[in-house]
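Novice: Contents are mmCIF, C-alpha atoms; file name structure_35.cif:
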```
data_query
#
loop_
_atom_site.group_PDB
_atom_site.id
_atom_site.type_symbol
_atom_site.label_atom_id
_atom_site.label_comp_id
_atom_site.auth_asym_id
_atom_site.auth_seq_id
_atom_site.Cartn_x
_atom_site.Cartn_y
_atom_site.Cartn_z
ATOM 1 C CA MET T 1 -4.806 -18.908 -9.717
ATOM 2 C CA SER T 2 -2.935 -16.821 -12.267
ATOM 3 C CA ASN T 3 0.844 -17.101 -12.300
ATOM 4 C CA VAL T 4 1.101 -13.349 -11.687
ATOM 5 C CA ASN T 5 0.466 -14.090 -8.004
ATOM 6 C CA HIS T 6 3.766 -15.232 -6.507
ATOM 7 C CA LEU T 7 2.599 -15.507 -2.892
ATOM 8 C CA PRO T 8 2.771 -18.951 -1.307
ATOM 9 C CA VAL T 9 -0.280 -20.108 0.620
ATOM 10 C CA THR T 10 1.730 -20.064 3.851
ATOM 11 C CA LEU T 11 3.823 -16.987 4.575
ATOM 12 C CA LYS T 12 6.877 -16.764 6.833
ATOM 13 C CA ASN T 13 6.065 -13.265 8.067
ATOM 14 C CA HIS T 14 3.054 -11.417 9.468
ATOM 15 C CA TYR T 15 1.836 -8.816 6.981
ATOM 16 C CA ILE T 16 -0.036 -5.567 7.446
ATOM 17 C CA ILE T 17 -0.895 -3.553 4.349
ATOM 18 C CA ALA T 18 -1.661 0.130 4.883
ATOM 19 C CA ARG T 19 -2.951 2.826 2.587
ATOM 20 C CA HIS T 20 -1.495 6.336 2.784
ATOM 21 C CA GLY T 21 -3.452 9.040 4.564
ATOM 22 C CA PHE T 22 -5.662 11.654 2.905
ATOM 23 C CA SER T 23 -3.324 13.442 0.527
ATOM 24 C CA LEU T 24 -3.086 16.755 -1.271
ATOM 25 C CA ALA T 25 -4.076 14.912 -4.445
ATOM 26 C CA ASN T 26 -7.122 13.479 -2.655
ATOM 27 C CA ASP T 27 -8.029 16.967 -1.487
ATOM 28 C CA ALA T 28 -7.720 18.286 -5.047
ATOM 29 C CA GLY T 29 -9.824 15.398 -6.338
ATOM 30 C CA ILE T 30 -7.237 14.255 -8.885
ATOM 31 C CA VAL T 31 -5.474 11.050 -9.895
ATOM 32 C CA CYS T 32 -1.747 11.285 -9.137
ATOM 33 C CA SER T 33 -0.059 8.076 -10.267
ATOM 34 C CA ASP T 34 2.946 9.167 -12.342
ATOM 35 C CA PRO T 35 6.161 8.641 -10.332
ATOM 36 C CA LYS T 36 7.730 11.688 -11.987
ATOM 37 C CA ILE T 37 5.033 13.840 -10.367
ATOM 38 C CA ALA T 38 4.234 11.912 -7.180
ATOM 39 C CA ILE T 39 7.739 11.205 -5.864
ATOM 40 C CA PRO T 40 9.454 14.645 -5.852
ATOM 41 C CA ALA T 41 9.139 17.048 -2.925
ATOM 42 C CA GLU T 42 8.221 19.826 -5.316
ATOM 43 C CA GLY T 43 5.232 20.883 -7.357
ATOM 44 C CA GLY T 44 1.693 20.347 -6.149
ATOM 45 C CA PRO T 45 -0.590 22.962 -4.578
ATOM 46 C CA LEU T 46 1.938 23.958 -1.895
ATOM 47 C CA GLY T 47 5.113 23.610 -3.950
ATOM 48 C CA THR T 48 6.230 20.735 -1.717
ATOM 49 C CA GLY T 49 4.988 17.812 -3.790
ATOM 50 C CA TYR T 50 1.886 15.670 -3.528
ATOM 51 C CA GLY T 51 2.317 14.584 0.074
ATOM 52 C CA LEU T 52 -0.175 14.285 2.893
ATOM 53 C CA HIS T 53 -2.842 16.848 3.679
ATOM 54 C CA ASP T 54 -2.958 17.903 7.362
ATOM 55 C CA LYS T 55 -6.155 15.835 7.627
ATOM 56 C CA GLY T 56 -4.203 12.826 6.380
ATOM 57 C CA LYS T 57 -1.410 13.268 8.932
ATOM 58 C CA LYS T 58 -3.961 13.194 11.736
ATOM 59 C CA GLN T 59 -5.672 10.159 10.168
ATOM 60 C CA VAL T 60 -2.423 8.201 10.004
ATOM 61 C CA LYS T 61 -1.476 8.999 13.605
ATOM 62 C CA GLU T 62 -4.855 7.713 14.806
ATOM 63 C CA SER T 63 -4.668 4.634 12.584
ATOM 64 C CA ALA T 64 -1.086 3.862 13.639
ATOM 65 C CA THR T 65 -2.146 4.049 17.288
ATOM 66 C CA LEU T 66 -4.807 1.419 16.567
ATOM 67 C CA LEU T 67 -2.204 -0.674 14.745
ATOM 68 C CA ALA T 68 0.105 -0.583 17.760
ATOM 69 C CA LYS T 69 -2.730 -1.869 19.968
ATOM 70 C CA HIS T 70 -3.652 -4.511 17.385
ATOM 71 C CA LEU T 71 -0.112 -5.861 17.241
ATOM 72 C CA PHE T 72 1.031 -5.458 20.842
ATOM 73 C CA GLY T 73 -2.044 -4.778 22.977
ATOM 74 C CA GLN T 74 -1.300 -2.051 25.494
ATOM 75 C CA GLY T 75 2.162 -3.399 26.184
ATOM 76 C CA LYS T 76 5.741 -2.715 25.219
ATOM 77 C CA TYR T 77 7.826 -5.056 23.100
ATOM 78 C CA THR T 78 9.636 -7.602 25.270
ATOM 79 C CA GLY T 79 10.955 -10.044 22.673
ATOM 80 C CA ASP T 80 14.564 -10.620 21.730
ATOM 81 C CA ASP T 81 14.449 -9.602 18.052
ATOM 82 C CA ASP T 82 16.421 -6.404 17.479
ATOM 83 C CA GLU T 83 14.185 -5.551 14.532
ATOM 84 C CA PRO T 84 10.778 -7.226 14.963
ATOM 85 C CA VAL T 85 8.921 -4.800 12.682
ATOM 86 C CA LYS T 86 9.974 -3.890 9.161
ATOM 87 C CA ILE T 87 8.308 -1.169 7.113
ATOM 88 C CA PHE T 88 8.433 -0.965 3.315
ATOM 89 C CA CYS T 89 6.741 1.818 1.410
ATOM 90 C CA SER T 90 6.074 3.137 -2.047
ATOM 91 C CA PRO T 91 8.494 5.996 -2.827
ATOM 92 C CA PHE T 92 5.629 8.424 -3.521
ATOM 93 C CA LYS T 93 5.730 11.396 -1.156
ATOM 94 C CA ARG T 94 2.366 10.606 0.420
ATOM 95 C CA THR T 95 3.378 7.045 1.274
ATOM 96 C CA VAL T 96 6.828 8.024 2.535
ATOM 97 C CA GLU T 97 5.205 10.518 4.912
ATOM 98 C CA THR T 98 2.631 7.943 6.004
ATOM 99 C CA ALA T 99 5.324 5.347 6.719
ATOM 100 C CA ALA T 100 7.285 7.858 8.808
ATOM 101 C CA ILE T 101 4.247 8.561 11.011
ATOM 102 C CA ILE T 102 3.576 4.846 11.458
ATOM 103 C CA ARG T 103 7.192 4.275 12.416
ATOM 104 C CA ASP T 104 7.275 7.180 14.882
ATOM 105 C CA THR T 105 4.020 6.059 16.492
ATOM 106 C CA LEU T 106 5.190 2.460 16.947
ATOM 107 C CA ASN T 107 8.471 3.625 18.444
ATOM 108 C CA GLU T 108 6.632 6.002 20.782
ATOM 109 C CA LEU T 109 4.048 3.500 21.998
ATOM 110 C CA VAL T 110 5.744 0.100 21.772
ATOM 111 C CA PHE T 111 9.493 0.191 21.255
ATOM 112 C CA THR T 112 10.689 2.459 24.025
ATOM 113 C CA GLU T 113 13.405 0.094 25.262
ATOM 114 C CA LYS T 114 14.384 -2.332 22.496
ATOM 115 C CA GLY T 115 13.557 -3.434 18.965
ATOM 116 C CA ALA T 116 13.056 0.068 17.615
ATOM 117 C CA VAL T 117 11.532 0.296 14.139
ATOM 118 C CA ALA T 118 13.993 1.500 11.506
ATOM 119 C CA PRO T 119 13.044 4.050 8.831
ATOM 120 C CA ALA T 120 10.941 2.562 6.053
ATOM 121 C CA GLU T 121 12.693 1.094 3.052
ATOM 122 C CA HIS T 122 11.450 2.518 -0.232
ATOM 123 C CA ALA T 123 10.219 -0.089 -2.695
ATOM 124 C CA TYR T 124 9.408 1.023 -6.224
ATOM 125 C CA ALA T 125 7.383 -2.164 -6.695
ATOM 126 C CA LEU T 126 4.843 -0.816 -4.172
ATOM 127 C CA ARG T 127 4.128 2.339 -6.180
ATOM 128 C CA GLU T 128 0.638 3.363 -7.218
ATOM 129 C CA ARG T 129 -1.048 1.646 -10.131
ATOM 130 C CA TYR T 130 -0.386 3.796 -13.183
ATOM 131 C CA PHE T 131 -3.626 5.292 -14.479
ATOM 132 C CA GLY T 132 -2.375 6.250 -17.928
ATOM 133 C CA ASP T 133 -4.553 8.770 -19.766
ATOM 134 C CA PHE T 134 -6.348 9.608 -16.529
ATOM 135 C CA ASP T 135 -3.268 10.737 -14.616
ATOM 136 C CA MET T 136 -3.804 14.235 -13.136
ATOM 137 C CA LYS T 137 -7.435 14.068 -14.229
ATOM 138 C CA PRO T 138 -10.496 14.052 -11.896
ATOM 139 C CA ASP T 139 -10.594 11.058 -9.581
ATOM 140 C CA SER T 140 -14.095 10.237 -10.813
ATOM 141 C CA THR T 141 -12.274 8.498 -13.679
ATOM 142 C CA TYR T 142 -11.343 5.641 -11.323
ATOM 143 C CA ASP T 143 -14.825 4.274 -11.968
ATOM 144 C CA ILE T 144 -14.066 4.001 -15.687
ATOM 145 C CA VAL T 145 -10.926 1.988 -14.962
ATOM 146 C CA TRP T 146 -12.650 -0.341 -12.527
ATOM 147 C CA GLU T 147 -15.444 -0.942 -15.005
ATOM 148 C CA GLU T 148 -12.833 -1.851 -17.606
ATOM 149 C CA ASP T 149 -11.227 -4.252 -15.119
ATOM 150 C CA ASN T 150 -14.551 -5.947 -14.482
ATOM 151 C CA SER T 151 -16.187 -6.015 -17.884
ATOM 152 C CA ALA T 152 -13.425 -6.094 -20.492
ATOM 153 C CA PRO T 153 -12.771 -9.599 -21.877
ATOM 154 C CA ASP T 154 -9.123 -9.372 -20.863
ATOM 155 C CA HIS T 155 -9.772 -7.539 -17.568
ATOM 156 C CA GLY T 156 -7.733 -4.468 -18.415
ATOM 157 C CA GLU T 157 -4.754 -6.298 -19.887
ATOM 158 C CA ASN T 158 -4.916 -4.127 -23.002
ATOM 159 C CA SER T 159 -6.469 -1.003 -21.578
ATOM 160 C CA GLN T 160 -7.769 1.465 -24.136
ATOM 161 C CA TYR T 161 -6.749 4.204 -21.672
ATOM 162 C CA ASN T 162 -3.131 3.040 -21.219
ATOM 163 C CA VAL T 163 -3.818 2.053 -17.612
ATOM 164 C CA GLU T 164 -1.581 -0.519 -15.912
ATOM 165 C CA SER T 165 -3.430 -3.828 -15.645
ATOM 166 C CA PRO T 166 -4.381 -5.479 -12.342
ATOM 167 C CA SER T 167 -2.205 -8.471 -13.242
ATOM 168 C CA SER T 168 0.820 -6.217 -13.728
ATOM 169 C CA VAL T 169 0.294 -4.670 -10.295
ATOM 170 C CA CYS T 170 -0.165 -8.109 -8.737
ATOM 171 C CA ASP T 171 2.970 -9.435 -10.413
ATOM 172 C CA ARG T 172 5.272 -6.666 -9.224
ATOM 173 C CA ALA T 173 3.844 -6.438 -5.708
ATOM 174 C CA THR T 174 3.837 -10.160 -4.939
ATOM 175 C CA ARG T 175 7.185 -10.744 -6.614
ATOM 176 C CA PHE T 176 8.659 -8.069 -4.339
ATOM 177 C CA ILE T 177 7.123 -9.639 -1.235
ATOM 178 C CA VAL T 178 8.552 -13.049 -2.078
ATOM 179 C CA GLU T 179 11.975 -12.039 -3.375
ATOM 180 C CA GLU T 180 12.788 -9.199 -0.974
ATOM 181 C CA ILE T 181 10.951 -10.262 2.182
ATOM 182 C CA GLU T 182 9.908 -13.924 2.275
ATOM 183 C CA ASN T 183 13.237 -15.133 0.874
ATOM 184 C CA LYS T 184 15.291 -12.971 3.234
ATOM 185 C CA MET T 185 13.564 -12.983 6.629
ATOM 186 C CA GLN T 186 10.999 -14.758 8.743
ATOM 187 C CA GLY T 187 9.006 -14.163 11.896
ATOM 188 C CA LYS T 188 8.811 -10.422 11.277
ATOM 189 C CA THR T 189 5.824 -8.136 11.338
ATOM 190 C CA VAL T 190 5.980 -6.430 7.945
ATOM 191 C CA VAL T 191 4.067 -3.230 7.216
ATOM 192 C CA LEU T 192 3.591 -2.449 3.520
ATOM 193 C CA VAL T 193 2.596 1.179 2.975
ATOM 194 C CA CYS T 194 1.115 1.798 -0.443
ATOM 195 C CA HIS T 195 -1.970 2.976 -2.364
ATOM 196 C CA GLY T 196 -5.621 2.169 -2.903
ATOM 197 C CA ASP T 197 -5.573 -0.142 -5.923
ATOM 198 C CA ILE T 198 -2.357 -1.906 -4.994
ATOM 199 C CA CYS T 199 -3.748 -2.507 -1.495
ATOM 200 C CA GLN T 200 -6.896 -4.041 -2.984
ATOM 201 C CA ILE T 201 -4.975 -6.129 -5.521
ATOM 202 C CA THR T 202 -2.438 -7.402 -2.981
ATOM 203 C CA LEU T 203 -5.240 -8.377 -0.627
ATOM 204 C CA CYS T 204 -6.735 -10.360 -3.509
ATOM 205 C CA ALA T 205 -3.412 -12.130 -3.935
ATOM 206 C CA ALA T 206 -3.188 -12.951 -0.242
ATOM 207 C CA ALA T 207 -6.674 -14.453 -0.461
ATOM 208 C CA GLN T 208 -5.751 -16.316 -3.681
ATOM 209 C CA VAL T 209 -8.331 -14.357 -5.688
ATOM 210 C CA GLU T 210 -7.824 -13.070 -9.255
ATOM 211 C CA PRO T 211 -6.402 -9.505 -9.247
ATOM 212 C CA TRP T 212 -9.087 -8.039 -11.510
ATOM 213 C CA ARG T 213 -11.640 -8.824 -8.791
ATOM 214 C CA GLN T 214 -10.065 -6.191 -6.530
ATOM 215 C CA ARG T 215 -13.262 -4.154 -6.200
ATOM 216 C CA GLU T 216 -14.910 -7.165 -4.560
ATOM 217 C CA VAL T 217 -12.559 -6.654 -1.623
ATOM 218 C CA LYS T 218 -13.850 -4.303 1.066
ATOM 219 C CA HIS T 219 -12.608 -0.833 0.148
ATOM 220 C CA VAL T 220 -9.409 0.235 1.897
ATOM 221 C CA ASN T 221 -9.932 3.854 2.912
ATOM 222 C CA THR T 222 -7.186 6.441 3.329
ATOM 223 C CA ALA T 223 -4.966 5.668 6.340
ATOM 224 C CA GLU T 224 -6.672 2.296 6.833
ATOM 225 C CA TRP T 225 -4.682 -0.917 7.337
ATOM 226 C CA ARG T 226 -5.547 -4.575 6.921
ATOM 227 C CA ASP T 227 -4.000 -7.670 8.454
ATOM 228 C CA PHE T 228 -3.401 -10.583 6.062
ATOM 229 C CA ALA T 229 -4.154 -12.897 8.973
ATOM 230 C CA ASP T 230 -7.748 -11.633 9.062
ATOM 231 C CA LEU T 231 -8.527 -12.524 5.421
#
```
Hey, can you dump this file as structure tokens for me?
Specialist:
Amino acid sequence: MSNVNHLPVTLKNHYIIARHGFSLANDAGIVCSDPKIAIPAEGGPLGTGYGLHDKGKKQVKESATLLAKHLFGQGKYTGDDDEPVKIFCSPFKRTVETAAIIRDTLNELVFTEKGAVAPAEHAYALRERYFGDFDMKPDSTYDIVWEEDNSAPDHGENSQYNVESPSSVCDRATRFIVEEIENKMQGKTVVLVCHGDICQITLCAAAQVEPWRQREVKHVNTAEWRDFADL
């Protein structure tokens, strides 16, 4: 396995990776990967940034309800950890909003007495893959990038479209998980809220698969989550 994957085979924490809900950028059918555009609460079709569409907010609430049942059944938390669940999210507006809904839902359904989930910590390493020349262009251009990942001799390492490579995404995401989570805590349920390609690439890393093979992983839809334990 490439040295861009820093994940150990055995992890100290239980990981859930979640994709943001259907966003205003999704609704507009555009790629929105530049932090200077995707982080601020300004601009976009409503003047409030490229956050979640109303459809996406509903999606995330439904998905977070399923996550609560997946993690805790129908019960409330009865353990003795004051902070059993940690949430980290990309700082993009759509992921910040998604993380807030997940947190609120878990606190509503599971943590009514103890162990309440704190607000998500923003992690720049979990940001969207940068799509270079295709940023703010039609989202049909994703197919061009994925073809370059699959067929180029270097698997997108020297993209002709200035797109961030799969190995770069894998390196920053898995380095963050190890340095900021694995090395600092254990026994936690950790929810990582991020974006389509970084979800796919991180799932590859967890399965010890090369990052450029990300499209071989079952597609992670908007508002969908995956459990590393199920890989």
Novice: If the PyMOL selection byres ((chain T and resi 45-62) around 6) were run on this exact file, what residues would it hold? Put them as a VMD selection string.
Specialist: chain T and resid 21 to 24 38 40 to 44 63 to 65 93 to 94 223
Novice: Could you state the separation of CA of Ala173 (chain T) and CA of Thr202 (chain T) in Å, given to one decimal place?
Specialist: 6.9 Å
Novice: What is the distance, in Å and to one decimal place, between CA of Phe88 (chain T) and CA of Gln200 (chain T)?
Specialist: 16.9 Å
Novice: Evaluating the PyMOL selection byres ((chain T and resi 66-80) around 9) on the displayed file yields which residues, as a PyMOL selection string?
Specialist: chain T and resi 61-65+81-84+102+105-106+109-115+189+225
Novice: Quick check, in Å to one decimal: how far apart do CA of Arg103 (chain T) and CA of Ala28 (chain T) lie?
Specialist: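 Between CA of Arg103 (chain T) and CA of Ala28 (chain T) the gap is 26.9 Å.
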